[in-house]
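Here is my_file07.pdb, consisting of PDB, C-alpha atoms and all ligand atoms:
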ATOM      1  CA  MET A 236      75.062 -60.537 -43.078
ATOM      2  CA  THR A 237      75.009 -64.269 -43.763
ATOM      3  CA  TYR A 238      71.867 -65.992 -42.485
ATOM      4  CA  VAL A 239      72.254 -69.506 -43.899
ATOM      5  CA  ARG A 240      75.559 -71.216 -44.541
ATOM      6  CA  LEU A 241      76.039 -74.634 -46.117
ATOM      7  CA  ALA A 242      79.670 -75.755 -46.138
ATOM      8  CA  GLY A 243      80.888 -78.797 -48.052
ATOM      9  CA  VAL A 244      77.507 -80.476 -47.814
ATOM     10  CA  THR A 245      76.969 -83.969 -49.176
ATOM     11  CA  ARG A 246      73.869 -86.130 -48.992
ATOM     12  CA  VAL A 247      73.929 -89.813 -49.837
ATOM     13  CA  HIS A 248      70.667 -91.780 -49.918
ATOM     14  CA  GLY A 249      71.038 -95.514 -49.305
ATOM     15  CA  GLU A 250      74.241 -97.532 -49.179
ATOM     16  CA  GLY A 251      76.630 -99.607 -51.261
ATOM     17  CA  ALA A 252      75.970-100.210 -54.930
ATOM     18  CA  THR A 253      72.525 -98.586 -54.836
ATOM     19  CA  ALA A 254      73.663 -95.406 -53.033
ATOM     20  CA  VAL A 255      72.474 -92.154 -54.627
ATOM     21  CA  HIS A 256      74.795 -89.179 -54.216
ATOM     22  CA  ALA A 257      72.170 -86.445 -54.277
ATOM     23  CA  LEU A 258      74.610 -83.667 -53.274
ATOM     24  CA  LYS A 259      78.373 -83.898 -53.688
ATOM     25  CA  GLY A 260      79.991 -81.101 -51.735
ATOM     26  CA  VAL A 261      77.880 -77.966 -52.010
ATOM     27  CA  SER A 262      78.820 -74.706 -50.311
ATOM     28  CA  LEU A 263      76.348 -71.848 -50.386
ATOM     29  CA  GLU A 264      75.747 -68.719 -48.310
ATOM     30  CA  LEU A 265      72.494 -66.827 -48.198
ATOM     31  CA  ASP A 266      72.442 -63.288 -46.832
ATOM     32  CA  VAL A 267      69.646 -61.567 -44.986
ATOM     33  CA  GLY A 268      67.538 -59.787 -47.613
ATOM     34  CA  GLU A 269      68.823 -61.986 -50.408
ATOM     35  CA  LEU A 270      66.728 -64.003 -52.853
ATOM     36  CA  VAL A 271      68.676 -66.837 -54.464
ATOM     37  CA  ALA A 272      67.166 -68.938 -57.252
ATOM     38  CA  VAL A 273      68.212 -72.570 -57.681
ATOM     39  CA  MET A 274      67.929 -73.999 -61.186
ATOM     40  CA  GLY A 275      68.971 -77.321 -62.674
ATOM     41  CA  PRO A 276      67.652 -80.466 -64.333
ATOM     42  CA  SER A 277      65.308 -82.909 -62.635
ATOM     43  CA  GLY A 278      67.244 -85.029 -60.151
ATOM     44  CA  SER A 279      70.133 -82.544 -59.853
ATOM     45  CA  GLY A 280      69.556 -82.118 -56.104
ATOM     46  CA  LYS A 281      67.479 -78.939 -55.829
ATOM     47  CA  SER A 282      64.867 -80.247 -53.384
ATOM     48  CA  THR A 283      67.588 -82.038 -51.411
ATOM     49  CA  LEU A 284      69.451 -78.727 -51.084
ATOM     50  CA  LEU A 285      66.322 -76.949 -49.799
ATOM     51  CA  ASN A 286      65.572 -79.741 -47.327
ATOM     52  CA  LEU A 287      69.091 -79.482 -45.905
ATOM     53  CA  ALA A 288      69.056 -75.664 -45.785
ATOM     54  CA  GLY A 289      65.822 -75.732 -43.775
ATOM     55  CA  GLY A 290      66.716 -78.572 -41.416
ATOM     56  CA  LEU A 291      64.156 -81.009 -42.856
ATOM     57  CA  ASP A 292      66.999 -83.379 -43.582
ATOM     58  CA  ARG A 293      70.513 -83.770 -42.231
ATOM     59  CA  PRO A 294      73.643 -83.874 -44.403
ATOM     60  CA  THR A 295      75.774 -87.013 -44.719
ATOM     61  CA  SER A 296      78.797 -84.744 -44.304
ATOM     62  CA  GLY A 297      79.418 -81.008 -44.155
ATOM     63  CA  THR A 298      77.675 -78.409 -42.010
ATOM     64  CA  VAL A 299      74.538 -76.261 -42.152
ATOM     65  CA  HIS A 300      74.190 -73.102 -40.080
ATOM     66  CA  ILE A 301      71.034 -71.007 -39.679
ATOM     67  CA  GLY A 302      72.008 -67.760 -38.010
ATOM     68  CA  GLU A 303      74.610 -68.700 -35.429
ATOM     69  CA  GLN A 304      73.280 -72.219 -34.965
ATOM     70  CA  ASP A 305      74.956 -75.319 -36.351
ATOM     71  CA  LEU A 306      71.973 -77.564 -37.120
ATOM     72  CA  ALA A 307      74.001 -80.632 -36.138
ATOM     73  CA  GLY A 308      73.792 -79.386 -32.542
ATOM     74  CA  VAL A 309      70.054 -78.624 -32.582
ATOM     75  CA  ARG A 310      68.014 -81.278 -30.752
ATOM     76  CA  ASP A 311      64.543 -80.076 -31.683
ATOM     77  CA  LEU A 312      64.796 -79.261 -35.373
ATOM     78  CA  ALA A 313      61.001 -79.232 -35.711
ATOM     79  CA  ALA A 314      60.713 -76.330 -33.259
ATOM     80  CA  LEU A 315      63.497 -74.394 -34.965
ATOM     81  CA  ARG A 316      61.785 -74.903 -38.308
ATOM     82  CA  ARG A 317      58.401 -73.731 -37.055
ATOM     83  CA  ARG A 318      59.917 -70.564 -35.655
ATOM     84  CA  SER A 319      62.447 -69.662 -38.317
ATOM     85  CA  VAL A 320      61.733 -71.481 -41.553
ATOM     86  CA  GLY A 321      58.783 -71.147 -43.911
ATOM     87  CA  TYR A 322      58.589 -73.894 -46.503
ATOM     88  CA  VAL A 323      56.461 -74.034 -49.653
ATOM     89  CA  PHE A 324      56.672 -77.662 -50.785
ATOM     90  CA  GLN A 325      56.728 -78.857 -54.365
ATOM     91  CA  ASP A 326      53.393 -80.640 -53.727
ATOM     92  CA  LEU A 327      52.014 -77.923 -51.375
ATOM     93  CA  ASN A 328      51.105 -80.300 -48.512
ATOM     94  CA  LEU A 329      47.954 -78.500 -47.404
ATOM     95  CA  ILE A 330      45.918 -80.488 -44.903
ATOM     96  CA  THR A 331      42.632 -81.344 -46.621
ATOM     97  CA  SER A 332      40.526 -81.546 -43.449
ATOM     98  CA  LEU A 333      41.449 -77.990 -42.409
ATOM     99  CA  THR A 334      40.232 -74.726 -43.931
ATOM    100  CA  ALA A 335      42.671 -72.323 -45.556
ATOM    101  CA  ALA A 336      42.872 -70.215 -42.382
ATOM    102  CA  GLU A 337      43.322 -73.295 -40.177
ATOM    103  CA  ASN A 338      46.153 -74.525 -42.411
ATOM    104  CA  VAL A 339      47.897 -71.174 -41.983
ATOM    105  CA  MET A 340      47.258 -71.084 -38.213
ATOM    106  CA  LEU A 341      48.595 -74.583 -37.615
ATOM    107  CA  PRO A 342      52.352 -73.897 -37.354
ATOM    108  CA  ARG A 343      51.649 -71.075 -34.893
ATOM    109  CA  GLU A 344      49.302 -73.168 -32.755
ATOM    110  CA  LEU A 345      51.859 -75.999 -32.706
ATOM    111  CA  ASP A 346      54.262 -73.412 -31.369
ATOM    112  CA  GLY A 347      51.924 -72.573 -28.489
ATOM    113  CA  VAL A 348      50.274 -69.434 -29.851
ATOM    114  CA  ARG A 349      46.632 -69.247 -28.719
ATOM    115  CA  SER A 350      44.079 -69.857 -31.425
ATOM    116  CA  GLY A 351      42.573 -66.359 -31.282
ATOM    117  CA  ARG A 352      45.915 -64.757 -31.922
ATOM    118  CA  ALA A 353      46.937 -67.428 -34.435
ATOM    119  CA  ARG A 354      43.731 -66.683 -36.345
ATOM    120  CA  GLN A 355      44.546 -62.954 -36.385
ATOM    121  CA  GLU A 356      48.041 -63.659 -37.685
ATOM    122  CA  ALA A 357      46.658 -66.028 -40.301
ATOM    123  CA  MET A 358      44.141 -63.437 -41.511
ATOM    124  CA  ALA A 359      46.918 -60.842 -41.816
ATOM    125  CA  VAL A 360      49.098 -63.041 -44.054
ATOM    126  CA  LEU A 361      46.093 -64.231 -46.041
ATOM    127  CA  ALA A 362      45.377 -60.559 -46.758
ATOM    128  CA  GLU A 363      49.017 -60.119 -47.757
ATOM    129  CA  VAL A 364      48.601 -62.807 -50.445
ATOM    130  CA  ASP A 365      45.229 -61.350 -51.433
ATOM    131  CA  SER A 366      43.255 -64.367 -50.187
ATOM    132  CA  ALA A 367      41.349 -63.144 -47.120
ATOM    133  CA  ASP A 368      38.070 -64.121 -48.804
ATOM    134  CA  LEU A 369      39.245 -67.758 -49.048
ATOM    135  CA  ALA A 370      39.898 -68.185 -45.314
ATOM    136  CA  ASP A 371      37.027 -70.541 -44.581
ATOM    137  CA  ARG A 372      37.271 -72.705 -47.684
ATOM    138  CA  PHE A 373      38.794 -76.170 -47.718
ATOM    139  CA  PRO A 374      41.712 -76.943 -50.086
ATOM    140  CA  GLU A 375      39.523 -79.008 -52.426
ATOM    141  CA  GLU A 376      37.276 -75.974 -52.895
ATOM    142  CA  LEU A 377      40.192 -73.926 -54.224
ATOM    143  CA  SER A 378      41.864 -73.622 -57.611
ATOM    144  CA  GLY A 379      45.536 -74.569 -58.038
ATOM    145  CA  GLY A 380      46.624 -70.941 -57.908
ATOM    146  CA  GLN A 381      44.505 -70.245 -54.817
ATOM    147  CA  ARG A 382      46.012 -73.288 -53.057
ATOM    148  CA  GLN A 383      49.454 -72.045 -53.937
ATOM    149  CA  ARG A 384      48.719 -68.722 -52.250
ATOM    150  CA  ILE A 385      47.484 -70.462 -49.104
ATOM    151  CA  ALA A 386      50.659 -72.579 -48.997
ATOM    152  CA  ILE A 387      52.676 -69.377 -49.273
ATOM    153  CA  ALA A 388      50.651 -67.697 -46.520
ATOM    154  CA  ARG A 389      51.415 -70.702 -44.291
ATOM    155  CA  ALA A 390      55.128 -70.236 -45.016
ATOM    156  CA  LEU A 391      54.977 -66.500 -44.230
ATOM    157  CA  VAL A 392      53.045 -66.652 -40.958
ATOM    158  CA  GLY A 393      54.943 -65.868 -37.768
ATOM    159  CA  GLU A 394      57.647 -63.721 -39.348
ATOM    160  CA  ARG A 395      59.947 -66.559 -40.359
ATOM    161  CA  ARG A 396      63.267 -65.224 -41.539
ATOM    162  CA  LEU A 397      64.127 -68.043 -43.921
ATOM    163  CA  LEU A 398      61.726 -68.903 -46.723
ATOM    164  CA  LEU A 399      62.288 -71.982 -48.859
ATOM    165  CA  ALA A 400      60.097 -72.319 -51.908
ATOM    166  CA  ASP A 401      60.268 -75.413 -54.103
ATOM    167  CA  GLU A 402      58.722 -74.440 -57.428
ATOM    168  CA  PRO A 403      55.981 -72.375 -55.764
ATOM    169  CA  THR A 404      54.837 -71.195 -59.178
ATOM    170  CA  GLY A 405      54.206 -74.798 -60.305
ATOM    171  CA  ALA A 406      51.768 -74.811 -63.173
ATOM    172  CA  LEU A 407      50.445 -71.316 -62.481
ATOM    173  CA  ASP A 408      49.650 -68.805 -65.190
ATOM    174  CA  THR A 409      52.339 -66.128 -65.472
ATOM    175  CA  ARG A 410      50.200 -63.427 -63.855
ATOM    176  CA  THR A 411      49.697 -65.471 -60.664
ATOM    177  CA  GLY A 412      53.324 -66.626 -60.823
ATOM    178  CA  ASP A 413      54.560 -63.033 -61.008
ATOM    179  CA  GLU A 414      52.280 -62.144 -58.099
ATOM    180  CA  ILE A 415      53.851 -64.904 -55.996
ATOM    181  CA  LEU A 416      57.357 -63.733 -56.851
ATOM    182  CA  ARG A 417      56.350 -60.197 -55.930
ATOM    183  CA  ILE A 418      55.227 -61.458 -52.503
ATOM    184  CA  LEU A 419      58.475 -63.411 -51.931
ATOM    185  CA  ARG A 420      60.565 -60.458 -53.110
ATOM    186  CA  ALA A 421      58.727 -58.104 -50.726
ATOM    187  CA  ARG A 422      59.430 -60.428 -47.778
ATOM    188  CA  CYS A 423      63.039 -60.538 -48.832
ATOM    189  CA  ASP A 424      63.278 -56.767 -49.018
ATOM    190  CA  ALA A 425      61.754 -56.712 -45.491
ATOM    191  CA  GLY A 426      64.720 -58.774 -44.232
ATOM    192  CA  ALA A 427      63.964 -62.436 -44.935
ATOM    193  CA  ALA A 428      66.316 -64.729 -46.834
ATOM    194  CA  VAL A 429      64.682 -66.687 -49.657
ATOM    195  CA  LEU A 430      65.821 -69.772 -51.526
ATOM    196  CA  LEU A 431      63.628 -70.448 -54.554
ATOM    197  CA  VAL A 432      63.699 -73.477 -56.843
ATOM    198  CA  THR A 433      62.397 -72.692 -60.285
ATOM    199  CA  HIS A 434      62.663 -73.982 -63.837
ATOM    200  CA  GLU A 435      61.582 -70.625 -65.262
ATOM    201  CA  PRO A 436      64.136 -67.923 -66.159
ATOM    202  CA  ARG A 437      61.217 -65.477 -65.931
ATOM    203  CA  TYR A 438      60.964 -66.096 -62.173
ATOM    204  CA  ALA A 439      64.699 -66.547 -61.598
ATOM    205  CA  ALA A 440      65.054 -62.968 -62.847
ATOM    206  CA  TRP A 441      63.491 -61.783 -59.550
ATOM    207  CA  ALA A 442      66.474 -63.234 -57.655
ATOM    208  CA  ASP A 443      69.723 -61.506 -56.741
ATOM    209  CA  ARG A 444      71.708 -64.570 -57.700
ATOM    210  CA  VAL A 445      71.072 -67.786 -59.589
ATOM    211  CA  VAL A 446      72.777 -71.047 -58.637
ATOM    212  CA  PHE A 447      72.817 -73.837 -61.229
ATOM    213  CA  LEU A 448      72.959 -77.387 -59.917
ATOM    214  CA  ARG A 449      74.094 -80.303 -62.022
ATOM    215  CA  ASP A 450      74.587 -83.855 -60.748
ATOM    216  CA  GLY A 451      74.588 -82.710 -57.135
ATOM    217  CA  MET A 452      77.168 -79.972 -57.606
ATOM    218  CA  ILE A 453      77.035 -76.218 -58.185
ATOM    219  CA  ALA A 454      77.933 -75.951 -61.857
ATOM    220  CA  ASP A 455      77.593 -72.181 -62.074
ATOM    221  CA  THR A 456      76.532 -69.074 -60.163
ATOM    222  CA  THR A 457      75.485 -65.824 -61.738
ATOM    223  CA  ASP A 458      74.320 -62.445 -60.469
ATOM    224  CA  THR A 459      71.140 -61.202 -62.111
ATOM    225  CA  PRO A 460      70.696 -57.727 -63.587
ATOM    226  CA  LEU A 461      68.572 -57.022 -60.506
ATOM    227  CA  ALA A 462      71.624 -57.563 -58.282
ATOM    228  CA  SER A 463      73.755 -55.106 -60.238
ATOM    229  CA  ALA A 464      70.928 -52.547 -60.124
ATOM    230  CA  ARG A 465      70.949 -52.592 -56.309
TER     231      ARG A 465
HETATM  232  N1  LIG B 501      64.659 -90.327 -50.127
HETATM  233  C1  LIG B 501      65.414 -90.620 -51.185
HETATM  234  N2  LIG B 501      65.913 -91.871 -51.367
HETATM  235  C2  LIG B 501      66.707 -92.174 -52.422
HETATM  236  N3  LIG B 501      67.052 -91.276 -53.371
HETATM  237  C3  LIG B 501      66.577 -90.017 -53.251
HETATM  238  C4  LIG B 501      65.734 -89.622 -52.164
HETATM  239  N4  LIG B 501      65.421 -88.311 -52.313
HETATM  240  C5  LIG B 501      66.032 -87.910 -53.446
HETATM  241  N5  LIG B 501      66.736 -88.936 -54.011
HETATM  242  C6  LIG B 501      67.554 -88.864 -55.243
HETATM  243  O1  LIG B 501      68.454 -87.802 -55.108
HETATM  244  C7  LIG B 501      68.623 -87.118 -56.354
HETATM  245  C8  LIG B 501      68.260 -85.651 -56.186
HETATM  246  O2  LIG B 501      66.845 -85.558 -55.936
HETATM  247  P1  LIG B 501      66.094 -84.163 -55.742
HETATM  248  O3  LIG B 501      64.707 -84.477 -55.323
HETATM  249  O4  LIG B 501      66.905 -83.298 -54.853
HETATM  250  O5  LIG B 501      66.129 -83.582 -57.240
HETATM  251  P2  LIG B 501      65.469 -82.247 -57.825
HETATM  252  O6  LIG B 501      66.582 -81.455 -58.454
HETATM  253  O7  LIG B 501      64.649 -81.576 -56.798
HETATM  254  O8  LIG B 501      64.532 -82.823 -58.994
HETATM  255  P3  LIG B 501      63.084 -82.304 -59.540
HETATM  256  O9  LIG B 501      63.367 -81.127 -60.438
HETATM  257  O10 LIG B 501      62.583 -83.487 -60.314
HETATM  258  O11 LIG B 501      62.212 -81.962 -58.369
HETATM  259  C9  LIG B 501      67.761 -87.869 -57.353
HETATM  260  O12 LIG B 501      68.578 -88.796 -58.031
HETATM  261  C10 LIG B 501      66.742 -88.571 -56.478
HETATM  262  O13 LIG B 501      66.275 -89.744 -57.096
HETATM  263 MG    MG B 502      62.572 -81.235 -56.592
END
Here is a file; write its structure as structure tokens.
Amino acid sequence: MTYVRLAGVTRVHGEGATAVHALKGVSLELDVGELVAVMGPSGSGKSTLLNLAGGLDRPTSGTVHIGEQDLAGVRDLAALRRRSVGYVFQDLNLITSLTAAENVMLPRELDGVRSGRARQEAMAVLAEVDSADLADRFPEELSGGQRQRIAIARALVGERRLLLADEPTGALDTRTGDEILRILRARCDAGAAVLLVTHEPRYAAWADRVVFLRDGMIADTTDTPLASAR
């Protein structure tokens, strides 16, 4: 069952002679339970693609559907994102004045969940990423790998069905990186759809399918051995 559908999507930044054509007609479908890796050189449009798939940005032309909804017709994209989309940003975006648990609770509280229950939900996902003991620490008191786990917990909280991860393994050691892929894969196998940007074939191997972007276009798509084993 298709959960996300991008059809003929383009994204142009700016106008006239200085316009940047970040995406030039990309069509991509992501099924429920599917993990798709996006690879490609710097500037090829990977982050732009994730932003469009999650409704953080709107296409210049083409359409994006999440479930049955055409995002062009959604007034409150922020609310849809909080409910349905978990995003791990390239630069993590943790709020420095909030503890790890408060960072994870925030999207739920913004959605009207009471703080007691939001805290319970946050503690459950922190446990899932093996970070319950870090709940009351502030981001600056955490290592890079620990911060990465908190950012992932924030993306997982509230049972979001679409997870978008922009190089979530960043500069992590391979053991922590593998652990993060294991967590994303488990969510996927539990019914989420995951779009993962990575430069590392090691992590792309956890995906069902790898999409290669070049100059804003899909240059190639390949099933992984994992897909054929399923
Ligand atoms: N807000 C913006 N204004 C102008 N140009 C932009 C903007 N955002 C992205 N671009 C341009 O669009 C193109 C695609 O950028 P994007 O961030 O999607 O690349 P990327 O594949 O994620 O690269 P990286 O691997 O370095 O993260 C680049 O040429 C970039 O400079
Ligand atoms: Mg990027």
Might you spell out which residues the PyMOL selection byres (((not hetatm)) within 10 of (chain B and resi 501)) would select in the displayed file, as number ranges by chain? A: 246-250, 253-258, 273-287, 292, 325, 401-402, 432-434, 448-451
Selection under test: the PyMOL selection byres (((chain A and resi 242) around 6) and not hetatm); residues as a ChimeraX atom specification: /A:241,243-244,262,297-298
Could you please take those selected residues and save C-alpha atoms as a PDB file, keeping the file's coordinate frame?
ATOM      1  CA  LEU A 241      76.039 -74.634 -46.117  1.00  0.00           C
ATOM      2  CA  GLY A 243      80.888 -78.797 -48.052  1.00  0.00           C
ATOM      3  CA  VAL A 244      77.507 -80.476 -47.814  1.00  0.00           C
ATOM      4  CA  SER A 262      78.820 -74.706 -50.311  1.00  0.00           C
ATOM      5  CA  GLY A 297      79.418 -81.008 -44.155  1.00  0.00           C
ATOM      6  CA  THR A 298      77.675 -78.409 -42.010  1.00  0.00           C
TER       7      THR A 298
END
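Comparing A:Thr404, A:Gln304, A:Thr409, A:Asn338 by their smallest distance to Ala388 (chain A), the closest is A:Asn338 (using all atoms listed in the file).
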Which residues fall under the PyMOL selection byres (((chain A and resi 267-271) around 8) and not hetatm) in this file, as a PyMOL selection string? chain A and resi 236-238+265-266+272-273+420+423-431+441-446
Spatial sel., origin (46.4, -67.5, -60.7), limit 10 Å, only C-alpha atoms, listed as a PDB file with C-alpha atoms, in the coordinates of the input:
ATOM      1  CA  SER A 378      41.864 -73.622 -57.611  1.00  0.00           C
ATOM      2  CA  GLY A 379      45.536 -74.569 -58.038  1.00  0.00           C
ATOM      3  CA  GLY A 380      46.624 -70.941 -57.908  1.00  0.00           C
ATOM      4  CA  GLN A 381      44.505 -70.245 -54.817  1.00  0.00           C
ATOM      5  CA  ARG A 382      46.012 -73.288 -53.057  1.00  0.00           C
ATOM      6  CA  GLN A 383      49.454 -72.045 -53.937  1.00  0.00           C
ATOM      7  CA  ARG A 384      48.719 -68.722 -52.250  1.00  0.00           C
ATOM      8  CA  THR A 404      54.837 -71.195 -59.178  1.00  0.00           C
ATOM      9  CA  ALA A 406      51.768 -74.811 -63.173  1.00  0.00           C
ATOM     10  CA  LEU A 407      50.445 -71.316 -62.481  1.00  0.00           C
ATOM     11  CA  ASP A 408      49.650 -68.805 -65.190  1.00  0.00           C
ATOM     12  CA  THR A 409      52.339 -66.128 -65.472  1.00  0.00           C
ATOM     13  CA  ARG A 410      50.200 -63.427 -63.855  1.00  0.00           C
ATOM     14  CA  THR A 411      49.697 -65.471 -60.664  1.00  0.00           C
ATOM     15  CA  GLY A 412      53.324 -66.626 -60.823  1.00  0.00           C
ATOM     16  CA  ASP A 413      54.560 -63.033 -61.008  1.00  0.00           C
ATOM     17  CA  GLU A 414      52.280 -62.144 -58.099  1.00  0.00           C
ATOM     18  CA  ILE A 415      53.851 -64.904 -55.996  1.00  0.00           C
TER      19      ILE A 415
END
Can you pull out the residues contacting Ala313 (chain A)? Cut-off 12 Å, using only C-alpha atoms, and skip same-chain residues under 2 positions away; I want them as a CSV table (one decimal) with C-alpha atoms, keeping the file's coordinate frame.
chain,number,residue,atom,x,y,z
A,289,GLY,CA,65.8,-75.7,-43.8
A,290,GLY,CA,66.7,-78.6,-41.4
A,291,LEU,CA,64.2,-81.0,-42.9
A,292,ASP,CA,67.0,-83.4,-43.6
A,306,LEU,CA,72.0,-77.6,-37.1
A,309,VAL,CA,70.1,-78.6,-32.6
A,310,ARG,CA,68.0,-81.3,-30.8
A,311,ASP,CA,64.5,-80.1,-31.7
A,315,LEU,CA,63.5,-74.4,-35.0
A,316,ARG,CA,61.8,-74.9,-38.3
A,317,ARG,CA,58.4,-73.7,-37.1
A,318,ARG,CA,59.9,-70.6,-35.7
A,319,SER,CA,62.4,-69.7,-38.3
A,320,VAL,CA,61.7,-71.5,-41.6
A,321,GLY,CA,58.8,-71.1,-43.9
A,342,PRO,CA,52.4,-73.9,-37.4
A,345,LEU,CA,51.9,-76.0,-32.7
A,346,ASP,CA,54.3,-73.4,-31.4
Can you pull out the residues contacting Ala335 (chain A)? Cut-off 8 Å, using only C-alpha atoms, and skip same-chain residues under 4 positions away; I want them as a list in words.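 That gives Val339, Leu369, Ala370, Asp371, Arg372, Phe373, Pro374 and Ile385 of chain A.
The nearest approach to ligand MG 502 (chain B) among the residues A:Pro403, A:Ser332, A:Leu263, A:Arg395, with all atoms listed in the file taken into account, belongs to A:Pro403.
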Distance CA of Leu399 (chain A)-CA of Tyr322 (chain A), one decimal place?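 Between these atoms lies a distance of 4.8 Å.
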Nearest to Leu327 (chain A) among A:Ala421, A:Glu264, A:Gly347, A:Ile387, with distances taken over only C-alpha atoms: which residue is it?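 Distance minimum relative to Leu327 (chain A) lands on A:Ile387.
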Counting all atoms listed in the file, which of A:Gly351, A:Gly251, A:Pro460, A:Pro436 gets nearest to Glu337 (chain A)?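 That would be A:Gly351, the residue with the smallest distance to Glu337 (chain A).
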For a quick check of understanding, using all atoms listed in the file, which of A:Ser350, A:Lys259, A:Gly405, A:Met340 has the smallest distance to ligand MG 502 (chain B)?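 Closest residue, counting all atoms listed in the file: A:Gly405.
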